[in-house]
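Here the structure is laid out as structure tokens; the discussion comes afterwards.
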Amino acid sequence: MVWANSRSSHVESLARNKVDSFSEIRTISTEEYQQIKREYENAILRLEAELKEISQLVDQHLFPLDPN
């Protein structure tokens, strides 16, 4: 779980840096916007996959298969 938290913190840090840069620069190019959008979409996909994996591990731990 520590690993997931550190990844989440990293994504939040990236988001803050982007917000900080947006407050300094009022306009961005369409190309830059598309790149940022792709980065966030990819981060969301990675985090969703990570959440699914962690959920499966938790389920396996809480509800182990009955060997009988």
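Within each chain, counting starts at residue 1; across the structure tokens, chains are named A, B, ... in the order shown, with ligands numbered 1 upward in that order.
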**Study point:** Residues near Val11 in chain A, cut-off 10 Å, only C-alpha atoms, skip fewer than 3 positions along chain, as JSON, numbers by chain
**Key:** {"A": [5, 6, 7, 8, 14, 15, 16, 17, 40, 43, 44, 47]}
Since we have the selection now, will you write its residues out, keeping N, CA and C atoms, as a short mmCIF file (atom, residue, chain, number, x, y, z; two decimals), in the first residue's frame?
data_model
loop_
_atom_site.label_atom_id
_atom_site.label_comp_id
_atom_site.auth_asym_id
_atom_site.auth_seq_id
_atom_site.Cartn_x
_atom_site.Cartn_y
_atom_site.Cartn_z
N ASN A 5 0.54 4.63 -2.39
CA ASN A 5 0.49 5.98 -1.86
C ASN A 5 1.58 6.85 -2.47
N SER A 6 2.78 6.29 -2.64
CA SER A 6 3.86 7.08 -3.22
C SER A 6 3.56 7.42 -4.67
N ARG A 7 2.95 6.49 -5.41
CA ARG A 7 2.57 6.77 -6.80
C ARG A 7 1.50 7.85 -6.83
N SER A 8 0.54 7.74 -5.92
CA SER A 8 -0.53 8.74 -5.85
C SER A 8 0.06 10.11 -5.52
N LEU A 14 2.74 16.03 -9.72
CA LEU A 14 2.72 16.43 -11.13
C LEU A 14 1.56 17.37 -11.41
N ALA A 15 0.41 17.06 -10.83
CA ALA A 15 -0.77 17.90 -11.04
C ALA A 15 -0.53 19.30 -10.48
N ARG A 16 0.05 19.38 -9.28
CA ARG A 16 0.34 20.69 -8.69
C ARG A 16 1.31 21.48 -9.56
N ASN A 17 2.33 20.80 -10.08
CA ASN A 17 3.30 21.48 -10.94
C ASN A 17 2.64 22.01 -12.20
N TYR A 40 -2.47 12.82 -18.44
CA TYR A 40 -3.44 12.58 -17.37
C TYR A 40 -4.30 11.35 -17.66
N ALA A 43 -2.17 8.41 -16.85
CA ALA A 43 -2.04 8.27 -15.39
C ALA A 43 -3.29 7.65 -14.80
N ILE A 44 -4.45 8.08 -15.28
CA ILE A 44 -5.72 7.52 -14.79
C ILE A 44 -5.80 6.04 -15.11
N LEU A 47 -3.47 4.12 -12.80
CA LEU A 47 -3.99 4.06 -11.43
C LEU A 47 -5.20 3.15 -11.33
#
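Reported to one decimal place, the separation of CA of Leu45 in chain A from CA of Leu57 in chain A is 18.5 Å.
Across the model, the gap from CA of Tyr33 in chain A to CA of Leu51 in chain A is 26.7 Å.
Reported to one decimal place, the separation of CA of Ser9 in chain A from CA of Glu39 in chain A is 15.7 Å.
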